[in-house]
Structures are given as C-alpha cells and as structure tokens.
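Novice: Pasting a structure here, questions to come.
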Amino acid sequence: MTATFSEFRRRAKSAIEDLRLQGALDDGTGKLWEQRRLTFEELPNSDAMRDHFKLIRSATLRNLAEHLETFERNATAAGAKVHWARDGADACEIVLGIAQDHGVKLVTKSKSMVTEEIHLNEALADVGVQAIETDLGEYIVQLAKETPSHIIAPAIHKTRHQAAELLSRESGRSLSPDDLTTLTGEARKLLRERFLTAGMGVSGGNMLVAETGSVVLVTNEGNARMVTSVPPIHVAMVGIEKVVPTWDAAAIWLSLLARSASGQPLSIYTSVISGPARAEDPDGTGEVHIVLLDNGRSELAGTKYEEVLQCIRCGACLNVCPVYREAGGHSYDSPYPGPIGAVVTPLLLGRESHEALPHASSLCGACKDVCPVRIDLPRMLLELRADQVEEKTVPWSERKVEETGAFVLKHEKLMRFMTKAARLAQRPLARNGRLRLPRRLNPALERQLPALAKRSFREMWKSGELEEKR
C-alpha cells in the first residue's frame with residue numbers, strides 16, 4: 001500500500017474524470033452529511049456533549065495502559081480469551097493459529113477496518129481459509145475484487161447498477177438495479193449458507209468497555225449478530241485506542257457515533273458481547289477471542305499526534321472533505337481515507353510510503369467542525385508537512401520550488417521586484433483576469449489560475465485608495 005505524490009495524483013485524476021464515480025460520491029456523501037446535520041440539530045446541548053466526550057477520550061488515552069489492563073481482567077473473568085498483538089503480523093498469526101487449531105476452512109466477517117489494515121483476508125487465503133465479507137457494502141466490494149472506499153459506507157463509490165451487475169454474476173440470475181428489495185434479498189440468500197457453515201466469525205469492535213470487559217458492535221445490518229453468534233468461535237479484532245472506562249462514557253460515545261456516521265439517533269443494532277455463551281443462553285458462540293491490536297498506536301501516545309487516537313471512525317470528516325468527495329477513497333490506497341486517513345495512515349502505515357496524504361487537504365477546517373471529538377486534523381496535517389520538510393521526504397523539485405518561494409517571501413524588496421516581474425511576464429497569458437497556461441505547465445490542471453492584480457493590496461493601502469473606496 002503506497003500513496004506517493006505521483007501515485008496519489010494519478011489515482012485522483014482518474015477518479016475526477018470518472019463521471020459515474022463522481023455521481024456516486026456526490027450522492028452518497030451528500031445524503032450522509034445532510035442526515036448528520038439534521039440529527040445534531042435535534043440533539044439538545046450537542047456542543048457541550050462533544051466537549052465532554054473529548055475530555056473523556058483525552059483522559060482515557062492518558063491512562064490507556066491502566067484501562068486496557070482493566071478490560072483484559074474483566075473480559076477474562078467473563079470467559080473471553082484476550083490476545084495482545086504488537087503489529088499486523090502478530091495479529092494475523094493469532095487469528096491463523098485459532099483457525100488452524102480448530103480446522104476452520106470458512107470464516108464469515110462483519111465490517112472491520114483493522115482487519116483491512118493488517119490484510120487479514122489475504123493472510124487467511126494464504127493458508128487455505130476463505131474469508132467472506134457479510135456487510136452488504138463489503139460483500140459488493142469483495143465481489144468486485146476491490147477494497148473499501150469509505151470507513152462506514154465501503155461501497156459508496158458503486159452505483160446500484162454496478163451492485164446489481166455484481167450480484168447477478170454471483171447468483172446466476174438477472175437482477176434489476178431498480179428493485180432494491182430483490183437485490184438485498186438475493187445477497188441475504190447468498191450469505192445465509194455461509195453463516196450456517198462457517199467455522200469461525202471475525203468482527204471488529206466499535207469500543208471496548210473496561211468496566212465489564214465487553215466488546216460493543218454498532219451496525220445497521222443483522223450480519224454482525226450472525227457472525228458473532230452462529231459460528232462456534234468468534235474473534236473480535238480491535239485497536240487498543242477503542243477502550244472506554246465505563247458504561248456512562250460508552251453511552252455518550254453511542255449517542256454521538258450513529259449521529260455522526262449515518263445521521264441516526266442510534267444504529268439499528270447495538271450488540272454487547274461479554275464472553276462466550278453461558279449454559280442458560282439460547283444461542284451464542286462457545287469461544288470468544290479478543291485481539292487487541294497496537295500496530296503503532298502506542299507509539300503515538302504522549303506525542304503531538306496522540307489526539308488522532310481519539311477518533312471513533314464515524315467517517316463524518318470524509319463526507320464534508322472537498323478532497324475526498326472528488327478524489328474518492330481509493331486514491332488514498334488505505335483503509336482509512338479522507339482527512340482522518342491523511343493523518344492516521346502515514347503515522348500507522350509509514351510516512352515515506354504515504355507521503356502525499358498530508359497534502360491531500362485544503363486545510364478548510366470542515367473536518368474539525370464536524371468531528372464528534374473535535375479532533376484538530378488541520379493542525380496535525382501541518383505538523384506532518386513540517387516533519388516532511390525536516391526529513392526531506394518531499395520530492396526534490398517541489399522542495400526547491402517551496403524553498404525558493406519561502407526565500408522570496410522573507411525579503412520584502414525581492415518580493416516586490418518578483419511581483420512586478422511576474423506582472424510583466426504574465427501579459428501574453430492573461431485574459432479576463434485568468435492565466436491561460438498550457439496544460440502541462442498548469443499546476444491546477446483544468447482550472448484556470450487567477451492572474452496577478454495590477455496593484456497589490458499594500459500599494460492600494462499606502463495610496464489611500466482602499467479608504468476612498470470604503
């Protein structure tokens with residue numbers, strides 16, 4: 001997985017030119033954003049709740065080890081087996097070991113970004129274990145042999161016509177894209193047999209409640225409950241930052257999560273898993289394994305990037321981001337696209353291999369405005385860019401252009417001279433206030449850049465021209 005400058009620009013350019021993709025992104029993100037806005041308007045004291053939630057997340061991360069140890073103790077007491085994974089390789093090895101010990105050949109999965117992060121499906125396939133995604137969006141993406149392009153809506157880049165084509169191919173039946181009930185019914189039928197024959201279910205986890213050692217799953221489809229209760233073994237893969245101390249704190253998390261993610265007061269299904277089934281339980285798995293994934297998260301604690309660990313993966317920042325809404329999720333080549341992905345991906349998956357992502361932002365601040373935890377993503381994007389300058393990971397040509405620009409801006413006389421020279425040089429190219437640059441020389445590609453004004457603001461200020469106009 002890489003997102004160098006050239007690769008990100010190539011993928012983004014392809015996405016922008018794909019009219020069908022642009023329509024799907026506009027429709028999907030627009031609906032999610034509007035629903036989020038409406039539900040927050042109906043929530044009393046939502047700003048105060050968000051402020052309080054940020055304090056909870058900050059305090060939790062300051063004592064992360066303590067809360068994780070409490071969770072492990074209580075989860076173990078409830079009958080679950082807790083595993084600690086230092087990185088993705090450790091996590092995959094743990095899951096593979098469980099599967100091989102029980103002779104598992106088929107795994108059903110509910111939506112999980114951390115398993116995408118560590119490439120668990122590929123690791124299972126390498127040892128002959130088939131993993132089937134059961135979230136409808138994830139299932140469609142898997143049929144297309146693609147990766148998710150949104151944190152909560154993995155198939156947001158697909159139209160209903162594309163979904164119908166994929167499901168028709170899988171079922172051997174011709175399905176109409178206009179009959180959504182039949183489409184979802186066909187997917188349900190295709191997946192039902194997998195639920196009943198799977199030897200193991202794998203899920204993520206929206207939060208870990210230390211107070212009772214419980215894993216909480218928030219979904220809008222019943223597939224997660226099938227994954228976690230029908231197979232004899234359930235494995236939950238959760239990032240260590242998802243821990244919450246008490247159920248009181250978890251209630252605030254739940255109140256903000258669904259509203260931010262899909263514009264619902266509460267998701268349709270909220271599942272709480274506290275160990276395996278008891279003797280008196282009518283159903284449930286015989287074994288529950290919880291894999292606590294670090295994969296670089298603990299290294300961020302106590303640093304200027306610790307705040308990114310407060311993220312609850314609601315995806316709200318993606319829906320308002322002008323870059324994500326044009327470039328789409330696949331441009332980022334990461335399970336975490338959009339503004340949160342532009343920060344967390346380089347930090348967890350490698351800065352050099354994802355060097356372009358901190359620059360995939362207009363720094364408009366919309367992501368911070370909608371974040372339920374008020375995470376200051378613009379600040380961290382600037383911090384990452386500053387780190388790149390220090391580490392000299394920006395391409396040489398771009399670095400030299402920026403260094404030259406910074407040098408000119410530092411010297412007032414030189415700046416005035418260069419501005420006057422640029423005004424003269426632009427005359428053959430300026431038309432109606434815009435520069436008509438050849439495409440290969442235009443950094444804005446299709447967009448025409450504005451021409452330099454005839455007089456600068458400073459010149460107009462000194463002459464008193466602005467005062468006269470006022």
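Going by the structure tokens order, chains are called A, B, ..., each with residues numbered from 1, while ligands are numbered from 1 in the order shown.
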For Ala65 (chain A), find every residue with an atom within 12 Å (counting only C-alpha atoms), except residues of its own chain fewer than 6 positions away, and show them as JSON, numbers by chain.
Specialist: {"A": [59, 71, 72, 210, 240, 241, 243, 244, 245, 292, 294, 297, 298, 301]}
Novice: Calculate how many Å separate CA of Lys31 (chain A) from CA of Asp51 (chain A), rounding to one decimal.
Specialist: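 A separation of 25.7 Å between them.
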Novice: Give the answer as one residue: which of A:Trp33, A:Trp461, A:Tyr269, A:Tyr332 has the shortest atom-to-atom distance to Arg225 (chain A), using only C-alpha atoms?
Specialist: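 Nearest to Arg225 (chain A): A:Tyr269.
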Novice: So that I can check the surroundings of region 38-40 of chain A, please list as number ranges by chain every protein, DNA and RNA residue that reaches within 10 Å of it, counting only C-alpha atoms and ignoring chain neighbours fewer than 6 positions away.
Specialist: A: 46-47, 256, 258-260, 262-265
Novice: So that I can see what lies close to Asn74 (chain A), please list as an MDAnalysis selection string the residues with an atom at most 12 Å from it, counting only C-alpha atoms and leaving out residues fewer than 6 positions away in the same chain.
Specialist: chainID A and resid 67:68 80:82 208:215 245 274:275
Novice: DSSP on the backbone: which residues in region 130-261 of chain A end up as strand (DSSP E)? Give the answer as a list of chain:residue names.
Specialist: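 So, restricting region 130-261 of chain A to strand (DSSP E), we get A:Gln130, A:Ala131, A:Ile132, A:Glu133, A:Met200, A:Gly201, A:Val202, A:Ser203, A:Met207, A:Leu208, A:Val209, A:Ser214, A:Val215, A:Val216, A:Leu217, A:Val218, A:Thr219, A:Ile233, A:His234, A:Val235, A:Ala236, A:Met237, A:Val238, A:Gly239, A:Val243, A:Val244.
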Novice: Let me see the file: selected residues, N, CA, C and O atoms, as an mmCIF file, in the first residue's frame.
Specialist:
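Written output follows (part_38.cif):
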data_model
loop_
_atom_site.group_PDB
_atom_site.id
_atom_site.type_symbol
_atom_site.label_atom_id
_atom_site.label_comp_id
_atom_site.auth_asym_id
_atom_site.auth_seq_id
_atom_site.Cartn_x
_atom_site.Cartn_y
_atom_site.Cartn_z
ATOM 1 N N GLN A 130 -10.994 -19.479 3.567
ATOM 2 C CA GLN A 130 -11.759 -18.482 2.821
ATOM 3 C C GLN A 130 -12.474 -17.540 3.787
ATOM 4 O O GLN A 130 -13.132 -17.974 4.728
ATOM 5 N N ALA A 131 -12.321 -16.242 3.566
ATOM 6 C CA ALA A 131 -12.994 -15.232 4.375
ATOM 7 C C ALA A 131 -14.051 -14.544 3.527
ATOM 8 O O ALA A 131 -13.756 -14.015 2.452
ATOM 9 N N ILE A 132 -15.297 -14.554 4.000
ATOM 10 C CA ILE A 132 -16.406 -13.948 3.274
ATOM 11 C C ILE A 132 -16.899 -12.732 4.038
ATOM 12 O O ILE A 132 -17.265 -12.820 5.214
ATOM 13 N N GLU A 133 -16.908 -11.586 3.372
ATOM 14 C CA GLU A 133 -17.454 -10.368 3.974
ATOM 15 C C GLU A 133 -18.980 -10.450 3.939
ATOM 16 O O GLU A 133 -19.554 -10.839 2.921
ATOM 17 N N MET A 200 -15.793 -20.098 11.876
ATOM 18 C CA MET A 200 -15.353 -19.008 12.740
ATOM 19 C C MET A 200 -15.916 -17.691 12.220
ATOM 20 O O MET A 200 -16.033 -17.491 11.014
ATOM 21 N N GLY A 201 -16.273 -16.819 13.136
ATOM 22 C CA GLY A 201 -16.711 -15.477 12.776
ATOM 23 C C GLY A 201 -15.691 -14.457 13.243
ATOM 24 O O GLY A 201 -15.140 -14.592 14.347
ATOM 25 N N VAL A 202 -15.417 -13.464 12.406
ATOM 26 C CA VAL A 202 -14.458 -12.412 12.745
ATOM 27 C C VAL A 202 -15.155 -11.061 12.657
ATOM 28 O O VAL A 202 -15.817 -10.771 11.650
ATOM 29 N N SER A 203 -15.009 -10.263 13.688
ATOM 30 C CA SER A 203 -15.605 -8.923 13.693
ATOM 31 C C SER A 203 -14.564 -7.905 14.124
ATOM 32 O O SER A 203 -13.481 -8.259 14.592
ATOM 33 N N MET A 207 -16.102 -0.320 20.329
ATOM 34 C CA MET A 207 -15.484 0.091 21.588
ATOM 35 C C MET A 207 -15.295 -1.104 22.501
ATOM 36 O O MET A 207 -15.931 -2.157 22.339
ATOM 37 N N LEU A 208 -14.383 -0.945 23.445
ATOM 38 C CA LEU A 208 -14.102 -1.928 24.483
ATOM 39 C C LEU A 208 -14.467 -1.285 25.821
ATOM 40 O O LEU A 208 -13.874 -0.276 26.191
ATOM 41 N N VAL A 209 -15.427 -1.833 26.541
ATOM 42 C CA VAL A 209 -15.852 -1.251 27.812
ATOM 43 C C VAL A 209 -15.084 -1.923 28.939
ATOM 44 O O VAL A 209 -15.315 -3.097 29.254
ATOM 45 N N SER A 214 -16.455 -5.846 27.988
ATOM 46 C CA SER A 214 -17.382 -6.097 26.876
ATOM 47 C C SER A 214 -16.887 -5.470 25.576
ATOM 48 O O SER A 214 -16.284 -4.393 25.583
ATOM 49 N N VAL A 215 -17.183 -6.146 24.467
ATOM 50 C CA VAL A 215 -16.960 -5.603 23.130
ATOM 51 C C VAL A 215 -18.304 -5.114 22.603
ATOM 52 O O VAL A 215 -19.301 -5.844 22.668
ATOM 53 N N VAL A 216 -18.341 -3.883 22.098
ATOM 54 C CA VAL A 216 -19.581 -3.307 21.575
ATOM 55 C C VAL A 216 -19.465 -3.163 20.056
ATOM 56 O O VAL A 216 -18.480 -2.612 19.551
ATOM 57 N N LEU A 217 -20.476 -3.672 19.370
ATOM 58 C CA LEU A 217 -20.549 -3.554 17.910
ATOM 59 C C LEU A 217 -21.779 -2.739 17.542
ATOM 60 O O LEU A 217 -22.882 -3.009 18.030
ATOM 61 N N VAL A 218 -21.588 -1.748 16.677
ATOM 62 C CA VAL A 218 -22.682 -0.884 16.238
ATOM 63 C C VAL A 218 -22.854 -1.064 14.733
ATOM 64 O O VAL A 218 -21.936 -0.774 13.961
ATOM 65 N N THR A 219 -24.008 -1.555 14.314
ATOM 66 C CA THR A 219 -24.235 -1.849 12.902
ATOM 67 C C THR A 219 -25.667 -1.513 12.509
ATOM 68 O O THR A 219 -26.532 -1.306 13.358
ATOM 69 N N ILE A 233 -16.913 -20.193 17.013
ATOM 70 C CA ILE A 233 -15.813 -19.351 17.508
ATOM 71 C C ILE A 233 -16.030 -17.930 17.000
ATOM 72 O O ILE A 233 -16.365 -17.718 15.833
ATOM 73 N N HIS A 234 -15.829 -16.955 17.882
ATOM 74 C CA HIS A 234 -15.893 -15.550 17.486
ATOM 75 C C HIS A 234 -14.568 -14.878 17.847
ATOM 76 O O HIS A 234 -14.103 -14.983 18.989
ATOM 77 N N VAL A 235 -13.964 -14.210 16.885
ATOM 78 C CA VAL A 235 -12.744 -13.435 17.102
ATOM 79 C C VAL A 235 -13.055 -11.973 16.835
ATOM 80 O O VAL A 235 -13.503 -11.621 15.741
ATOM 81 N N ALA A 236 -12.824 -11.121 17.827
ATOM 82 C CA ALA A 236 -13.005 -9.667 17.672
ATOM 83 C C ALA A 236 -11.638 -9.009 17.600
ATOM 84 O O ALA A 236 -10.813 -9.174 18.506
ATOM 85 N N MET A 237 -11.395 -8.285 16.519
ATOM 86 C CA MET A 237 -10.122 -7.581 16.326
ATOM 87 C C MET A 237 -10.368 -6.095 16.557
ATOM 88 O O MET A 237 -11.141 -5.471 15.826
ATOM 89 N N VAL A 238 -9.705 -5.515 17.581
ATOM 90 C CA VAL A 238 -9.990 -4.131 17.959
ATOM 91 C C VAL A 238 -8.692 -3.384 18.248
ATOM 92 O O VAL A 238 -7.798 -3.920 18.907
ATOM 93 N N GLY A 239 -8.593 -2.154 17.768
ATOM 94 C CA GLY A 239 -7.440 -1.309 18.084
ATOM 95 C C GLY A 239 -7.450 -0.924 19.551
ATOM 96 O O GLY A 239 -8.521 -0.693 20.141
ATOM 97 N N VAL A 243 -10.737 1.638 23.727
ATOM 98 C CA VAL A 243 -11.214 1.342 25.076
ATOM 99 C C VAL A 243 -11.916 2.556 25.686
ATOM 100 O O VAL A 243 -11.574 3.709 25.401
ATOM 101 N N VAL A 244 -12.954 2.291 26.482
ATOM 102 C CA VAL A 244 -13.681 3.323 27.203
ATOM 103 C C VAL A 244 -13.838 2.817 28.646
ATOM 104 O O VAL A 244 -14.094 1.632 28.860
#
Novice: I'd like a table as a Markdown table: residues in region 344-462 of chain A with an atom no more than 10 Å from region 106-128 of chain A, each row giving the shortest atom pair and its distance in Å to one decimal, only C-alpha atoms counted, sorted by chain and rising residue number.
Specialist:
| residue | atom | partner | partner_atom | distance |
| --- | --- | --- | --- | --- |
| A:Thr345 | CA | A:Glu117 | CA | 9.4 |
| A:Leu348 | CA | A:Glu117 | CA | 9.3 |
| A:Leu349 | CA | A:Glu117 | CA | 8.4 |
Novice: Within 12 Å of Glu391 (chain A), counting only C-alpha atoms, which residues qualify if same-chain residues fewer than 6 places away don't, as a ChimeraX atom specification?
Specialist: /A:351-352,355,384-385,399
Novice: Would you please work out which residue, of A:Glu398, A:Glu403, A:Glu307, A:Glu465, is nearest to Lys368 (chain A) when using only C-alpha atoms?
Specialist: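 Closest to Lys368 (chain A), using only C-alpha atoms: A:Glu307.
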Novice: If I take CA of Leu191 (chain A) and CA of Thr29 (chain A), how far is one from the other in Å, to one decimal?
Specialist: 27.2 Å
Novice: Mind the document's chain letters and residue numbers, and return as a ChimeraX atom specification the residues of region 234-298 of chain A that DSSP labels alpha helix (DSSP H).
Specialist: /A:247-262,297-298
Novice: Can I get the selection written as a CSV table (one decimal), in the first residue's frame, with C-alpha atoms?
Specialist:
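Produced file part.csv, reproduced below:
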chain,number,residue,atom,x,y,z
A,247,TRP,CA,-20.8,2.4,30.5
A,248,ASP,CA,-21.6,6.0,31.3
A,249,ALA,CA,-18.8,7.1,29.0
A,250,ALA,CA,-19.9,4.5,26.5
A,251,ALA,CA,-23.4,5.9,26.4
A,252,ILE,CA,-22.0,9.3,25.3
A,253,TRP,CA,-19.9,7.5,22.6
A,254,LEU,CA,-23.0,5.7,21.3
A,255,SER,CA,-25.1,9.0,21.3
A,256,LEU,CA,-22.5,10.7,19.1
A,257,LEU,CA,-21.4,7.8,16.9
A,258,ALA,CA,-24.5,7.0,14.9
A,259,ARG,CA,-25.5,10.6,14.5
A,260,SER,CA,-22.0,11.5,13.1
A,261,ALA,CA,-21.7,8.4,10.9
A,262,SER,CA,-25.1,7.9,9.3
A,297,ARG,CA,-0.8,3.1,18.2
A,298,SER,CA,1.1,3.1,21.5
Novice: With a distance cut-off of 8 Å and only C-alpha atoms, select the neighbouring residues of Ala360 (chain A), excluding the residue or stretch itself and same-chain residues fewer than 4 positions from it, and output the selection as a VMD selection string.
Specialist: chain A and resid 323 339 342 356
Novice: So that I can see what lies close to Leu424 (chain A), please list as a list of chain:residue names the residues with an atom at most 10 Å from it, counting only C-alpha atoms and leaving out residues fewer than 6 positions away in the same chain.
Specialist: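 The filter keeps A:Met418, A:Leu452, A:Lys454.
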Novice: Can you write just those residues out, all heavy atoms, as a compact mmCIF listing (two decimals), in the first residue's frame?
Specialist:
# COMPACT_ATOMS: atom_id res chain seq x y z
N MET A 418 9.95 40.68 -7.66
CA MET A 418 9.46 39.47 -8.33
C MET A 418 7.99 39.63 -8.73
O MET A 418 7.57 39.12 -9.77
CB MET A 418 9.62 38.26 -7.40
CG MET A 418 11.08 37.88 -7.12
SD MET A 418 11.98 37.38 -8.61
CE MET A 418 11.16 35.85 -9.00
N LEU A 452 -2.22 37.85 -11.64
CA LEU A 452 -1.85 38.82 -10.60
C LEU A 452 -2.59 40.14 -10.84
O LEU A 452 -2.72 40.59 -11.98
CB LEU A 452 -0.34 39.07 -10.61
CG LEU A 452 0.55 37.96 -10.05
CD1 LEU A 452 2.00 38.30 -10.32
CD2 LEU A 452 0.32 37.77 -8.57
N LYS A 454 -3.32 44.17 -10.97
CA LYS A 454 -2.46 45.25 -11.45
C LYS A 454 -1.75 45.95 -10.31
O LYS A 454 -0.63 46.45 -10.47
CB LYS A 454 -3.30 46.25 -12.24
CG LYS A 454 -3.86 45.68 -13.54
CD LYS A 454 -4.69 46.72 -14.28
CE LYS A 454 -5.23 46.15 -15.59
NZ LYS A 454 -6.05 47.14 -16.33
